[in-house]
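As provided, upload-v5.cif (mmCIF, C-alpha atoms and all ligand atoms) reads as follows.
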data_run
loop_
_atom_site.group_PDB
_atom_site.id
_atom_site.type_symbol
_atom_site.label_atom_id
_atom_site.label_comp_id
_atom_site.auth_asym_id
_atom_site.auth_seq_id
_atom_site.Cartn_x
_atom_site.Cartn_y
_atom_site.Cartn_z
ATOM 1 C CA MET A 1 0.000 0.000 0.000
ATOM 2 C CA THR A 2 1.269 3.417 -0.949
ATOM 3 C CA ARG A 3 -0.739 6.580 -0.391
ATOM 4 C CA VAL A 4 -0.357 9.563 -2.690
ATOM 5 C CA ALA A 5 -1.756 12.989 -1.764
ATOM 6 C CA VAL A 6 -2.616 14.949 -4.917
ATOM 7 C CA CYS A 7 -2.610 18.584 -3.879
ATOM 8 C CA ASN A 8 -2.181 22.281 -4.552
ATOM 9 C CA GLN A 9 -3.246 25.507 -2.953
ATOM 10 C CA LYS A 10 -4.637 26.708 -6.256
ATOM 11 C CA GLY A 11 -8.121 25.656 -7.331
ATOM 12 C CA GLY A 12 -8.973 24.256 -10.728
ATOM 13 C CA VAL A 13 -5.464 23.243 -11.768
ATOM 14 C CA GLY A 14 -6.419 19.588 -12.244
ATOM 15 C CA LYS A 15 -5.962 17.808 -8.906
ATOM 16 C CA THR A 16 -9.108 15.767 -9.468
ATOM 17 C CA THR A 17 -8.248 15.172 -13.121
ATOM 18 C CA VAL A 18 -4.817 13.837 -12.152
ATOM 19 C CA THR A 19 -6.267 11.721 -9.330
ATOM 20 C CA LEU A 20 -8.718 10.153 -11.800
ATOM 21 C CA GLY A 21 -6.056 9.759 -14.494
ATOM 22 C CA LEU A 22 -3.589 8.057 -12.151
ATOM 23 C CA ALA A 23 -6.344 5.811 -10.799
ATOM 24 C CA SER A 24 -7.282 4.867 -14.364
ATOM 25 C CA ALA A 25 -3.646 4.129 -15.247
ATOM 26 C CA ALA A 26 -3.053 2.044 -12.130
ATOM 27 C CA LEU A 27 -6.232 0.038 -12.783
ATOM 28 C CA HIS A 28 -5.217 -0.492 -16.391
ATOM 29 C CA ALA A 29 -1.887 -1.850 -15.154
ATOM 30 C CA GLY A 30 -3.762 -4.402 -13.049
ATOM 31 C CA ARG A 31 -3.338 -2.703 -9.688
ATOM 32 C CA SER A 32 -5.931 -2.373 -6.955
ATOM 33 C CA VAL A 33 -6.791 1.231 -6.210
ATOM 34 C CA ALA A 34 -8.547 3.342 -3.599
ATOM 35 C CA VAL A 35 -9.499 6.970 -4.097
ATOM 36 C CA VAL A 36 -9.996 9.025 -0.972
ATOM 37 C CA ASP A 37 -12.032 12.059 -1.960
ATOM 38 C CA LEU A 38 -11.109 14.671 0.581
ATOM 39 C CA ASP A 39 -12.869 17.457 -1.260
ATOM 40 C CA PRO A 40 -16.212 18.762 0.015
ATOM 41 C CA GLN A 41 -17.100 19.349 -3.675
ATOM 42 C CA ALA A 42 -16.962 15.537 -4.113
ATOM 43 C CA SER A 43 -16.157 15.780 -7.836
ATOM 44 C CA ALA A 44 -13.994 12.649 -7.867
ATOM 45 C CA THR A 45 -16.728 10.696 -6.086
ATOM 46 C CA TRP A 46 -19.208 11.705 -8.770
ATOM 47 C CA ALA A 47 -16.817 11.043 -11.677
ATOM 48 C CA LEU A 48 -16.162 7.598 -10.246
ATOM 49 C CA GLY A 49 -19.826 6.790 -10.707
ATOM 50 C CA ILE A 50 -21.092 7.100 -7.151
ATOM 51 C CA ASP A 51 -24.519 8.707 -6.813
ATOM 52 C CA GLU A 52 -25.131 8.348 -3.127
ATOM 53 C CA PRO A 53 -21.907 9.145 -1.336
ATOM 54 C CA THR A 54 -21.493 7.875 2.172
ATOM 55 C CA GLY A 55 -18.443 7.419 4.236
ATOM 56 C CA LEU A 56 -15.574 9.654 5.011
ATOM 57 C CA ALA A 57 -17.354 12.403 6.911
ATOM 58 C CA GLU A 58 -19.184 9.879 9.078
ATOM 59 C CA ALA A 59 -15.934 8.061 9.725
ATOM 60 C CA PHE A 60 -14.405 11.340 10.900
ATOM 61 C CA ALA A 61 -17.382 11.855 13.180
ATOM 62 C CA THR A 62 -16.966 8.459 14.823
ATOM 63 C CA GLY A 63 -13.196 8.875 14.597
ATOM 64 C CA GLY A 64 -12.359 5.180 14.751
ATOM 65 C CA ALA A 65 -10.019 3.054 12.716
ATOM 66 C CA SER A 66 -12.540 0.274 13.269
ATOM 67 C CA SER A 67 -14.963 1.949 10.871
ATOM 68 C CA ALA A 68 -12.376 2.689 8.195
ATOM 69 C CA ARG A 69 -13.102 -0.305 5.985
ATOM 70 C CA ASP A 70 -16.728 0.722 5.901
ATOM 71 C CA THR A 71 -15.775 4.055 4.348
ATOM 72 C CA PHE A 72 -14.828 2.395 1.051
ATOM 73 C CA VAL A 73 -17.533 1.731 -1.505
ATOM 74 C CA GLU A 74 -17.095 0.120 -4.896
ATOM 75 C CA SER A 75 -16.749 2.603 -7.753
ATOM 76 C CA GLY A 76 -18.700 2.480 -10.992
ATOM 77 C CA TRP A 77 -15.406 1.950 -12.870
ATOM 78 C CA SER A 78 -14.274 -1.406 -11.555
ATOM 79 C CA PRO A 79 -14.543 -3.695 -8.529
ATOM 80 C CA ASP A 80 -10.791 -3.096 -8.152
ATOM 81 C CA LEU A 81 -11.356 0.592 -7.460
ATOM 82 C CA VAL A 82 -12.962 1.581 -4.178
ATOM 83 C CA VAL A 83 -13.785 5.081 -3.031
ATOM 84 C CA SER A 84 -13.998 6.871 0.260
ATOM 85 C CA CYS A 85 -16.495 9.539 -0.671
ATOM 86 C CA GLY A 86 -16.215 13.288 -0.361
ATOM 87 C CA GLY A 87 -19.030 15.586 0.688
ATOM 88 C CA ALA A 88 -19.850 18.962 2.146
ATOM 89 C CA GLU A 89 -19.852 17.564 5.704
ATOM 90 C CA LEU A 90 -16.094 16.998 5.514
ATOM 91 C CA GLU A 91 -15.351 20.619 6.353
ATOM 92 C CA GLY A 92 -17.156 20.455 9.653
ATOM 93 C CA HIS A 93 -15.242 17.400 10.817
ATOM 94 C CA VAL A 94 -11.711 18.617 10.231
ATOM 95 C CA PRO A 95 -11.554 22.063 11.770
ATOM 96 C CA ASP A 96 -8.829 24.406 10.636
ATOM 97 C CA GLY A 97 -6.206 25.428 13.173
ATOM 98 C CA GLY A 98 -6.996 22.616 15.570
ATOM 99 C CA PRO A 99 -4.560 20.902 17.880
ATOM 100 C CA LYS A 100 -1.819 18.611 16.630
ATOM 101 C CA THR A 101 -4.067 15.541 16.786
ATOM 102 C CA SER A 102 -6.478 17.012 14.231
ATOM 103 C CA ALA A 103 -3.776 16.707 11.560
ATOM 104 C CA LYS A 104 -3.812 12.959 12.108
ATOM 105 C CA ALA A 105 -7.558 12.455 11.927
ATOM 106 C CA LEU A 106 -7.512 11.075 8.367
ATOM 107 C CA GLY A 107 -4.645 8.706 9.107
ATOM 108 C CA LYS A 108 -6.575 7.441 12.100
ATOM 109 C CA VAL A 109 -9.774 6.974 10.115
ATOM 110 C CA LEU A 110 -7.964 5.139 7.309
ATOM 111 C CA GLY A 111 -6.014 3.018 9.749
ATOM 112 C CA LYS A 112 -5.168 -0.290 8.093
ATOM 113 C CA SER A 113 -8.168 -0.165 5.764
ATOM 114 C CA ASP A 114 -6.065 0.137 2.603
ATOM 115 C CA THR A 115 -3.168 -2.128 3.607
ATOM 116 C CA ASP A 116 -4.080 -4.677 0.910
ATOM 117 C CA ILE A 117 -4.592 -2.055 -1.800
ATOM 118 C CA ASP A 118 -1.721 -1.188 -4.167
ATOM 119 C CA TRP A 119 -2.389 2.540 -4.526
ATOM 120 C CA THR A 120 -4.467 5.004 -2.537
ATOM 121 C CA PHE A 121 -4.851 8.380 -4.228
ATOM 122 C CA ILE A 122 -6.075 11.209 -2.012
ATOM 123 C CA ASP A 123 -7.779 13.994 -3.962
ATOM 124 C CA CYS A 124 -7.235 17.147 -1.909
ATOM 125 C CA PRO A 125 -9.468 20.201 -1.992
ATOM 126 C CA PRO A 126 -7.919 23.467 -3.170
ATOM 127 C CA GLY A 127 -6.010 25.140 -0.363
ATOM 128 C CA LEU A 128 -3.446 24.361 2.268
ATOM 129 C CA GLY A 129 -5.840 24.076 5.188
ATOM 130 C CA ALA A 130 -6.611 21.262 7.573
ATOM 131 C CA LEU A 131 -7.907 18.810 4.969
ATOM 132 C CA THR A 132 -4.723 19.046 2.890
ATOM 133 C CA VAL A 133 -2.601 18.841 6.048
ATOM 134 C CA ASN A 134 -4.496 15.655 6.966
ATOM 135 C CA ALA A 135 -3.894 14.195 3.515
ATOM 136 C CA LEU A 136 -0.163 14.914 3.724
ATOM 137 C CA ALA A 137 0.033 13.571 7.260
ATOM 138 C CA ALA A 138 -1.553 10.294 6.117
ATOM 139 C CA ALA A 139 0.359 9.979 2.820
ATOM 140 C CA ASP A 140 3.636 8.401 1.748
ATOM 141 C CA LEU A 141 4.034 10.648 -1.283
ATOM 142 C CA ALA A 142 2.835 14.101 -2.287
ATOM 143 C CA VAL A 143 2.228 15.009 -5.915
ATOM 144 C CA VAL A 144 1.619 18.677 -6.713
ATOM 145 C CA VAL A 145 -0.528 19.430 -9.754
ATOM 146 C CA VAL A 146 0.146 22.705 -11.527
ATOM 147 C CA GLU A 147 -0.907 24.468 -14.696
ATOM 148 C CA PRO A 148 1.289 26.694 -16.829
ATOM 149 C CA SER A 149 0.258 30.071 -15.447
ATOM 150 C CA ALA A 150 1.789 32.802 -13.337
ATOM 151 C CA PHE A 151 -0.851 32.343 -10.612
ATOM 152 C CA SER A 152 -0.085 28.633 -10.411
ATOM 153 C CA ASN A 153 3.668 29.235 -10.214
ATOM 154 C CA ASN A 154 3.083 31.760 -7.438
ATOM 155 C CA THR A 155 1.578 29.046 -5.198
ATOM 156 C CA MET A 156 4.395 26.535 -5.702
ATOM 157 C CA SER A 157 6.682 27.553 -2.874
ATOM 158 C CA ALA A 158 3.806 27.653 -0.364
ATOM 159 C CA VAL A 159 2.881 24.060 -1.251
ATOM 160 C CA ALA A 160 6.481 22.889 -1.004
ATOM 161 C CA ASP A 161 6.795 24.635 2.382
ATOM 162 C CA LEU A 162 3.647 22.884 3.636
ATOM 163 C CA VAL A 163 4.963 19.472 2.572
ATOM 164 C CA ASP A 164 8.167 20.250 4.486
ATOM 165 C CA ASP A 165 6.229 21.406 7.505
ATOM 166 C CA VAL A 166 4.015 18.297 7.615
ATOM 167 C CA TRP A 167 7.100 16.100 7.141
ATOM 168 C CA ASP A 168 8.747 17.875 10.047
ATOM 169 C CA ARG A 169 5.798 17.903 12.434
ATOM 170 C CA PHE A 170 3.668 14.867 11.677
ATOM 171 C CA ASN A 171 4.989 12.481 9.038
ATOM 172 C CA PRO A 172 8.717 11.727 8.669
ATOM 173 C CA SER A 173 8.034 9.206 5.872
ATOM 174 C CA LEU A 174 6.437 11.793 3.564
ATOM 175 C CA ASP A 175 8.247 12.578 0.295
ATOM 176 C CA LEU A 176 7.449 15.269 -2.242
ATOM 177 C CA ALA A 177 7.463 12.905 -5.226
ATOM 178 C CA GLY A 178 7.101 15.465 -7.975
ATOM 179 C CA VAL A 179 5.131 18.049 -9.874
ATOM 180 C CA ILE A 180 2.652 17.156 -12.629
ATOM 181 C CA MET A 181 2.048 19.869 -15.183
ATOM 182 C CA ASN A 182 -1.532 19.759 -16.425
ATOM 183 C CA ARG A 183 -3.395 21.535 -19.186
ATOM 184 C CA LEU A 184 -0.410 22.393 -21.334
ATOM 185 C CA PRO A 185 -1.671 23.867 -24.620
ATOM 186 C CA ALA A 186 -0.089 22.685 -27.860
ATOM 187 C CA ILE A 187 0.823 26.240 -28.725
ATOM 188 C CA GLY A 188 0.987 29.448 -26.717
ATOM 189 C CA ARG A 189 4.017 31.435 -25.701
ATOM 190 C CA GLU A 190 2.749 32.373 -22.241
ATOM 191 C CA ALA A 191 2.226 28.745 -21.191
ATOM 192 C CA HIS A 192 5.729 27.789 -22.287
ATOM 193 C CA VAL A 193 7.258 30.792 -20.543
ATOM 194 C CA ARG A 194 5.515 29.724 -17.331
ATOM 195 C CA PHE A 195 6.615 26.118 -17.826
ATOM 196 C CA ASP A 196 10.242 27.294 -18.023
ATOM 197 C CA GLU A 197 9.739 29.579 -15.060
ATOM 198 C CA LEU A 198 8.440 26.678 -12.948
ATOM 199 C CA GLY A 199 11.503 24.678 -13.963
ATOM 200 C CA LYS A 200 13.633 27.382 -12.406
ATOM 201 C CA ILE A 201 11.546 27.385 -9.201
ATOM 202 C CA VAL A 202 11.445 23.623 -8.513
ATOM 203 C CA GLY A 203 14.210 22.307 -10.761
ATOM 204 C CA ARG A 204 13.483 20.781 -14.172
ATOM 205 C CA SER A 205 13.745 17.190 -12.999
ATOM 206 C CA ALA A 206 10.993 17.729 -10.404
ATOM 207 C CA ILE A 207 8.463 18.290 -13.204
ATOM 208 C CA TRP A 208 7.389 14.898 -14.494
ATOM 209 C CA LYS A 209 7.413 14.355 -18.212
ATOM 210 C CA PRO A 210 5.285 14.465 -20.218
ATOM 211 C CA ALA A 211 2.905 17.247 -19.241
ATOM 212 C CA ILE A 212 -0.807 16.448 -19.529
ATOM 213 C CA ALA A 213 -2.087 18.229 -22.631
ATOM 214 C CA ARG A 214 -5.122 20.474 -22.651
ATOM 215 C CA ARG A 215 -7.685 18.192 -24.299
ATOM 216 C CA VAL A 216 -11.458 18.317 -24.562
ATOM 217 C CA ILE A 217 -11.684 14.555 -24.134
ATOM 218 C CA ILE A 218 -10.633 14.891 -20.496
ATOM 219 C CA GLY A 219 -13.826 16.784 -19.665
ATOM 220 C CA GLU A 220 -15.798 14.378 -21.826
ATOM 221 C CA ALA A 221 -14.549 11.354 -19.885
ATOM 222 C CA GLN A 222 -15.324 13.050 -16.575
ATOM 223 C CA GLY A 223 -18.809 14.016 -17.754
ATOM 224 C CA ALA A 224 -19.446 10.443 -18.889
ATOM 225 C CA ARG A 225 -18.010 9.205 -15.549
ATOM 226 C CA ARG A 226 -15.633 6.906 -17.395
ATOM 227 C CA PRO A 227 -11.912 6.179 -16.994
ATOM 228 C CA ILE A 228 -9.790 7.928 -19.612
ATOM 229 C CA HIS A 229 -8.305 4.562 -20.574
ATOM 230 C CA SER A 230 -11.690 3.469 -21.922
ATOM 231 C CA TYR A 231 -11.262 6.021 -24.733
ATOM 232 C CA GLY A 232 -8.331 4.160 -26.287
ATOM 233 C CA SER A 233 -6.763 5.790 -29.321
ATOM 234 C CA ARG A 234 -8.998 8.871 -29.047
ATOM 235 C CA ALA A 235 -7.132 9.849 -25.891
ATOM 236 C CA HIS A 236 -3.805 8.165 -26.589
ATOM 237 C CA ASP A 237 -1.564 11.136 -25.690
ATOM 238 C CA VAL A 238 -3.318 11.733 -22.382
ATOM 239 C CA ILE A 239 -3.348 8.007 -21.592
ATOM 240 C CA GLU A 240 0.378 7.758 -22.343
ATOM 241 C CA ALA A 241 1.083 10.661 -20.000
ATOM 242 C CA PHE A 242 -0.876 9.128 -17.111
ATOM 243 C CA ASP A 243 0.701 5.711 -17.768
ATOM 244 C CA SER A 244 4.115 7.325 -17.639
ATOM 245 C CA HIS A 245 3.319 9.051 -14.335
ATOM 246 C CA HIS A 246 1.965 5.812 -12.898
ATOM 247 C CA ARG A 247 5.183 4.028 -13.892
ATOM 248 C CA LYS A 248 7.154 6.802 -12.218
ATOM 249 C CA LEU A 249 5.172 6.240 -9.028
ATOM 250 C CA GLU A 250 5.837 2.503 -9.268
ATOM 251 C CA ARG A 251 9.582 3.203 -9.517
ATOM 252 C CA ILE A 252 9.486 5.521 -6.523
ATOM 253 C CA LYS A 253 7.527 2.947 -4.536
ATOM 254 C CA LYS A 254 10.066 0.248 -5.364
ATOM 255 C CA ALA A 255 12.977 2.494 -4.436
ATOM 256 C CA ARG A 256 11.394 3.360 -1.089
ATOM 257 C CA GLN A 257 10.768 -0.313 -0.321
ATOM 258 C CA GLY A 258 14.236 -1.390 -1.406
HETATM 259 N N1 LIG A 301 -5.793 18.659 -19.289
HETATM 260 C C1 LIG A 301 -7.034 19.153 -19.328
HETATM 261 N N2 LIG A 301 -7.632 19.435 -20.515
HETATM 262 C C2 LIG A 301 -8.882 19.939 -20.552
HETATM 263 N N3 LIG A 301 -9.627 20.200 -19.461
HETATM 264 C C3 LIG A 301 -9.092 19.940 -18.253
HETATM 265 C C4 LIG A 301 -7.773 19.415 -18.126
HETATM 266 N N4 LIG A 301 -7.518 19.266 -16.794
HETATM 267 C C5 LIG A 301 -8.611 19.674 -16.157
HETATM 268 N N5 LIG A 301 -9.558 20.080 -17.010
HETATM 269 C C6 LIG A 301 -10.880 20.621 -16.650
HETATM 270 O O1 LIG A 301 -10.678 21.735 -15.809
HETATM 271 C C7 LIG A 301 -11.620 21.755 -14.749
HETATM 272 C C8 LIG A 301 -10.861 21.738 -13.407
HETATM 273 O O2 LIG A 301 -10.166 20.520 -13.307
HETATM 274 P P1 LIG A 301 -10.163 19.705 -11.933
HETATM 275 O O3 LIG A 301 -11.531 19.639 -11.355
HETATM 276 O O4 LIG A 301 -9.437 18.442 -12.164
HETATM 277 O O5 LIG A 301 -9.260 20.694 -11.057
HETATM 278 P P2 LIG A 301 -9.068 20.689 -9.479
HETATM 279 O O6 LIG A 301 -7.704 21.206 -9.222
HETATM 280 O O7 LIG A 301 -9.408 19.364 -8.925
HETATM 281 O O8 LIG A 301 -10.179 21.742 -9.035
HETATM 282 P P3 LIG A 301 -10.607 22.084 -7.517
HETATM 283 O O9 LIG A 301 -9.529 22.955 -6.985
HETATM 284 O O10 LIG A 301 -11.926 22.788 -7.671
HETATM 285 O O11 LIG A 301 -10.706 20.788 -6.792
HETATM 286 C C9 LIG A 301 -12.507 20.550 -14.955
HETATM 287 O O12 LIG A 301 -13.669 20.955 -15.628
HETATM 288 C C10 LIG A 301 -11.682 19.617 -15.835
HETATM 289 O O13 LIG A 301 -12.475 18.803 -16.677
HETATM 290 MG MG MG A 302 -10.698 18.837 -7.385
#
Would you mind giving the structure from this file in structure tokens?
Amino acid sequence: MTRVAVCNQKGGVGKTTVTLGLASAALHAGRSVAVVDLDPQASATWALGIDEPTGLAEAFATGGASSARDTFVESGWSPDLVVSCGGAELEGHVPDGGPKTSAKALGKVLGKSDTDIDWTFIDCPPGLGALTVNALAAADLAVVVVEPSAFSNNTMSAVADLVDDVWDRFNPSLDLAGVIMNRLPAIGREAHVRFDELGKIVGRSAIWKPAIARRVIIGEAQGARRPIHSYGSRAHDVIEAFDSHHRKLERIKKARQG
């Protein structure tokens, strides 16, 4: 079991898209997957084909590892993909600025529930508040999703600082695995300027190749509540990018275990 927190302070950059894409790639590679939807908007839960979300917020309320297994429900994608559902109630259960223990609430709720699962992807809400802190405190790896824009680049150092802070205070086994660039247009000078600028901020090797292209089919797959891999050749460039990022995660996992 390896848990990956997919996060950024900035909204709308593609955290949910990357969570879904990585889940689709891992499934396609024959892995078992859990998605923990930590976003009160519950977009991932919906895109994974779940109409009546139950779970995570209630598990926070009861606060027990004993109930953790019950938080997973089977997705509409595959029996090998289970979901711990997001929902508006999440905000109320993980108060911002709480004591140290509140950062560990998610880890406590998950407990050993995903021990037998290959990959757990945690879709964080936008922001660096208590929910994201909980995700990082419960995760093995953090992946930061960015888009090629000045506003996105401006948030990068705050995210990196938070990962450091959570590592220092709550989770010594947390690693910042890398940065996934999403929504890169085929042409456009501004986007490529910002891509280069980000390379200077985080170091070129921290940005995983290839970037996820800006493609209409991504929204189409989400609207149809289907994995991107089910689109085959129509989405081949996007699929190849997510497969490549999944393989990168597999390599990191192996290196950490070895
Ligand atoms: N590569 C892409 N090409 C085209 N559309 C995309 C791409 N990535 C994301 N989108 C679209 O952009 C919107 C925002 O993406 P997404 O919901 O994944 O971002 P987010 O970071 O999870 O947002 P939030 O901060 O609200 O949780 C969605 O409508 C999604 O379909
Ligand atoms: Mg999202």
>> Assuming the chain letters and numbering stay as they are in my file, what does the PyMOL selection byres (((chain A and resi 23) around 12) and not hetatm) actually select? List them as a ChimeraX atom specification.
In response: /A:3-4,6,16-22,24-36,44,47-48,75,77-78,80-83,118-123,226-229,239,242-243,245-246,249
With C-alpha atoms retained, could you export that selection as a PDB file, in the frame of the given file?
ATOM      1  CA  ARG A   3      -0.739   6.580  -0.391  1.00  0.00           C
ATOM      2  CA  VAL A   4      -0.357   9.563  -2.690  1.00  0.00           C
ATOM      3  CA  VAL A   6      -2.616  14.949  -4.917  1.00  0.00           C
ATOM      4  CA  THR A  16      -9.108  15.767  -9.468  1.00  0.00           C
ATOM      5  CA  THR A  17      -8.248  15.172 -13.121  1.00  0.00           C
ATOM      6  CA  VAL A  18      -4.817  13.837 -12.152  1.00  0.00           C
ATOM      7  CA  THR A  19      -6.267  11.721  -9.330  1.00  0.00           C
ATOM      8  CA  LEU A  20      -8.718  10.153 -11.800  1.00  0.00           C
ATOM      9  CA  GLY A  21      -6.056   9.759 -14.494  1.00  0.00           C
ATOM     10  CA  LEU A  22      -3.589   8.057 -12.151  1.00  0.00           C
ATOM     11  CA  SER A  24      -7.282   4.867 -14.364  1.00  0.00           C
ATOM     12  CA  ALA A  25      -3.646   4.129 -15.247  1.00  0.00           C
ATOM     13  CA  ALA A  26      -3.053   2.044 -12.130  1.00  0.00           C
ATOM     14  CA  LEU A  27      -6.232   0.038 -12.783  1.00  0.00           C
ATOM     15  CA  HIS A  28      -5.217  -0.492 -16.391  1.00  0.00           C
ATOM     16  CA  ALA A  29      -1.887  -1.850 -15.154  1.00  0.00           C
ATOM     17  CA  GLY A  30      -3.762  -4.402 -13.049  1.00  0.00           C
ATOM     18  CA  ARG A  31      -3.338  -2.703  -9.688  1.00  0.00           C
ATOM     19  CA  SER A  32      -5.931  -2.373  -6.955  1.00  0.00           C
ATOM     20  CA  VAL A  33      -6.791   1.231  -6.210  1.00  0.00           C
ATOM     21  CA  ALA A  34      -8.547   3.342  -3.599  1.00  0.00           C
ATOM     22  CA  VAL A  35      -9.499   6.970  -4.097  1.00  0.00           C
ATOM     23  CA  VAL A  36      -9.996   9.025  -0.972  1.00  0.00           C
ATOM     24  CA  ALA A  44     -13.994  12.649  -7.867  1.00  0.00           C
ATOM     25  CA  ALA A  47     -16.817  11.043 -11.677  1.00  0.00           C
ATOM     26  CA  LEU A  48     -16.162   7.598 -10.246  1.00  0.00           C
ATOM     27  CA  SER A  75     -16.749   2.603  -7.753  1.00  0.00           C
ATOM     28  CA  TRP A  77     -15.406   1.950 -12.870  1.00  0.00           C
ATOM     29  CA  SER A  78     -14.274  -1.406 -11.555  1.00  0.00           C
ATOM     30  CA  ASP A  80     -10.791  -3.096  -8.152  1.00  0.00           C
ATOM     31  CA  LEU A  81     -11.356   0.592  -7.460  1.00  0.00           C
ATOM     32  CA  VAL A  82     -12.962   1.581  -4.178  1.00  0.00           C
ATOM     33  CA  VAL A  83     -13.785   5.081  -3.031  1.00  0.00           C
ATOM     34  CA  ASP A 118      -1.721  -1.188  -4.167  1.00  0.00           C
ATOM     35  CA  TRP A 119      -2.389   2.540  -4.526  1.00  0.00           C
ATOM     36  CA  THR A 120      -4.467   5.004  -2.537  1.00  0.00           C
ATOM     37  CA  PHE A 121      -4.851   8.380  -4.228  1.00  0.00           C
ATOM     38  CA  ILE A 122      -6.075  11.209  -2.012  1.00  0.00           C
ATOM     39  CA  ASP A 123      -7.779  13.994  -3.962  1.00  0.00           C
ATOM     40  CA  ARG A 226     -15.633   6.906 -17.395  1.00  0.00           C
ATOM     41  CA  PRO A 227     -11.912   6.179 -16.994  1.00  0.00           C
ATOM     42  CA  ILE A 228      -9.790   7.928 -19.612  1.00  0.00           C
ATOM     43  CA  HIS A 229      -8.305   4.562 -20.574  1.00  0.00           C
ATOM     44  CA  ILE A 239      -3.348   8.007 -21.592  1.00  0.00           C
ATOM     45  CA  PHE A 242      -0.876   9.128 -17.111  1.00  0.00           C
ATOM     46  CA  ASP A 243       0.701   5.711 -17.768  1.00  0.00           C
ATOM     47  CA  HIS A 245       3.319   9.051 -14.335  1.00  0.00           C
ATOM     48  CA  HIS A 246       1.965   5.812 -12.898  1.00  0.00           C
ATOM     49  CA  LEU A 249       5.172   6.240  -9.028  1.00  0.00           C
TER      50      LEU A 249
END
> Do you know which residues are within 7 Å of ligand MG 302 (chain A) using all atoms listed in the file? Can you write them as a VMD selection string?
Replying inline: chain A and resid 12 14 to 16 39 43 123 to 126
>> With all atoms listed in the file as the counted atoms, please give the residues lying no more than 7 Å from Val163 of chain A, apart from itself and same-chain residues fewer than 3 positions off, as a PyMOL selection string.
In response: chain A and resi 136+159-160+166-167+176
Test item: axis-aligned box, all listed atoms of ligand LIG 301 (chain A), 3 Å on each side, centre and edges in Å rounded to one decimal, as lines of an AutoDock Vina configuration file:
center_x = -9.7
center_y = 20.7
center_z = -13.7
size_x = 13.9
size_y = 10.5
size_z = 19.8
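Atom pair atom C9 of ligand LIG 301 (chain A) / atom CA of Gly223 of chain A has a distance of 9.5 Å (rounded to one decimal).
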> Pick the closest to Trp208 of chain A from A:Ala59, A:Val146, A:Ala191, A:Met156: which is it, counting only C-alpha atoms?
Replying inline: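 Nearest to Trp208 of chain A: A:Val146.
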> How many Å separate atom CA of Val216 of chain A from atom CA of Gly203 of chain A?
Replying inline: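 Straight-line distance from atom CA of Val216 of chain A to atom CA of Gly203 of chain A works out to 29.4 Å.
Shortest separation to Val143 of chain A among A:Ser205, A:Gln257, A:Asn8, A:Ser173 occurs at residue A:Asn8, atoms counted being all atoms listed in the file.
Reported to one decimal place, the separation of atom N4 of ligand LIG 301 (chain A) from atom CA of Arg183 of chain A is 5.3 Å.
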Could you list the residues chosen by the PyMOL selection byres (((chain A and resi 171) around 10) and not hetatm) in this structure as a PDB file with C-alpha atoms, in the frame of the given file?
ATOM      1  CA  LYS A 104      -3.812  12.959  12.108  1.00  0.00           C
ATOM      2  CA  LEU A 136      -0.163  14.914   3.724  1.00  0.00           C
ATOM      3  CA  ALA A 137       0.033  13.571   7.260  1.00  0.00           C
ATOM      4  CA  ALA A 138      -1.553  10.294   6.117  1.00  0.00           C
ATOM      5  CA  ALA A 139       0.359   9.979   2.820  1.00  0.00           C
ATOM      6  CA  ASP A 140       3.636   8.401   1.748  1.00  0.00           C
ATOM      7  CA  VAL A 163       4.963  19.472   2.572  1.00  0.00           C
ATOM      8  CA  ASP A 164       8.167  20.250   4.486  1.00  0.00           C
ATOM      9  CA  ASP A 165       6.229  21.406   7.505  1.00  0.00           C
ATOM     10  CA  VAL A 166       4.015  18.297   7.615  1.00  0.00           C
ATOM     11  CA  TRP A 167       7.100  16.100   7.141  1.00  0.00           C
ATOM     12  CA  ASP A 168       8.747  17.875  10.047  1.00  0.00           C
ATOM     13  CA  ARG A 169       5.798  17.903  12.434  1.00  0.00           C
ATOM     14  CA  PHE A 170       3.668  14.867  11.677  1.00  0.00           C
ATOM     15  CA  PRO A 172       8.717  11.727   8.669  1.00  0.00           C
ATOM     16  CA  SER A 173       8.034   9.206   5.872  1.00  0.00           C
ATOM     17  CA  LEU A 174       6.437  11.793   3.564  1.00  0.00           C
ATOM     18  CA  ASP A 175       8.247  12.578   0.295  1.00  0.00           C
TER      19      ASP A 175
END
> Between A:Glu250, A:Glu58, A:Asp196, A:Asp237, which is the closest to ligand LIG 301 (chain A) once you count all atoms listed in the file?
Replying inline: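 Smallest distance to ligand LIG 301 (chain A) is found for A:Asp237.
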>> Around (-8.7, 13.1, -20.0), as given in the file, which residues come within 7 Å? Count all atoms listed in the file and list them as a PyMOL selection string.
In response: chain A and resi 21+215+217-219+221+228+235+238
> Could you spell out the hits of the PyMOL selection byres (((chain A and resi 198) around 12) and not hetatm) on the shown file, as a PyMOL selection string?
Replying inline: chain A and resi 145-157+179-181+191-197+199-208
>> Nearest residue to ligand LIG 301 (chain A) out of A:Pro40, A:Gly49, A:Gly258, A:Pro79, using only C-alpha atoms and all ligand atoms?
In response: A:Pro40
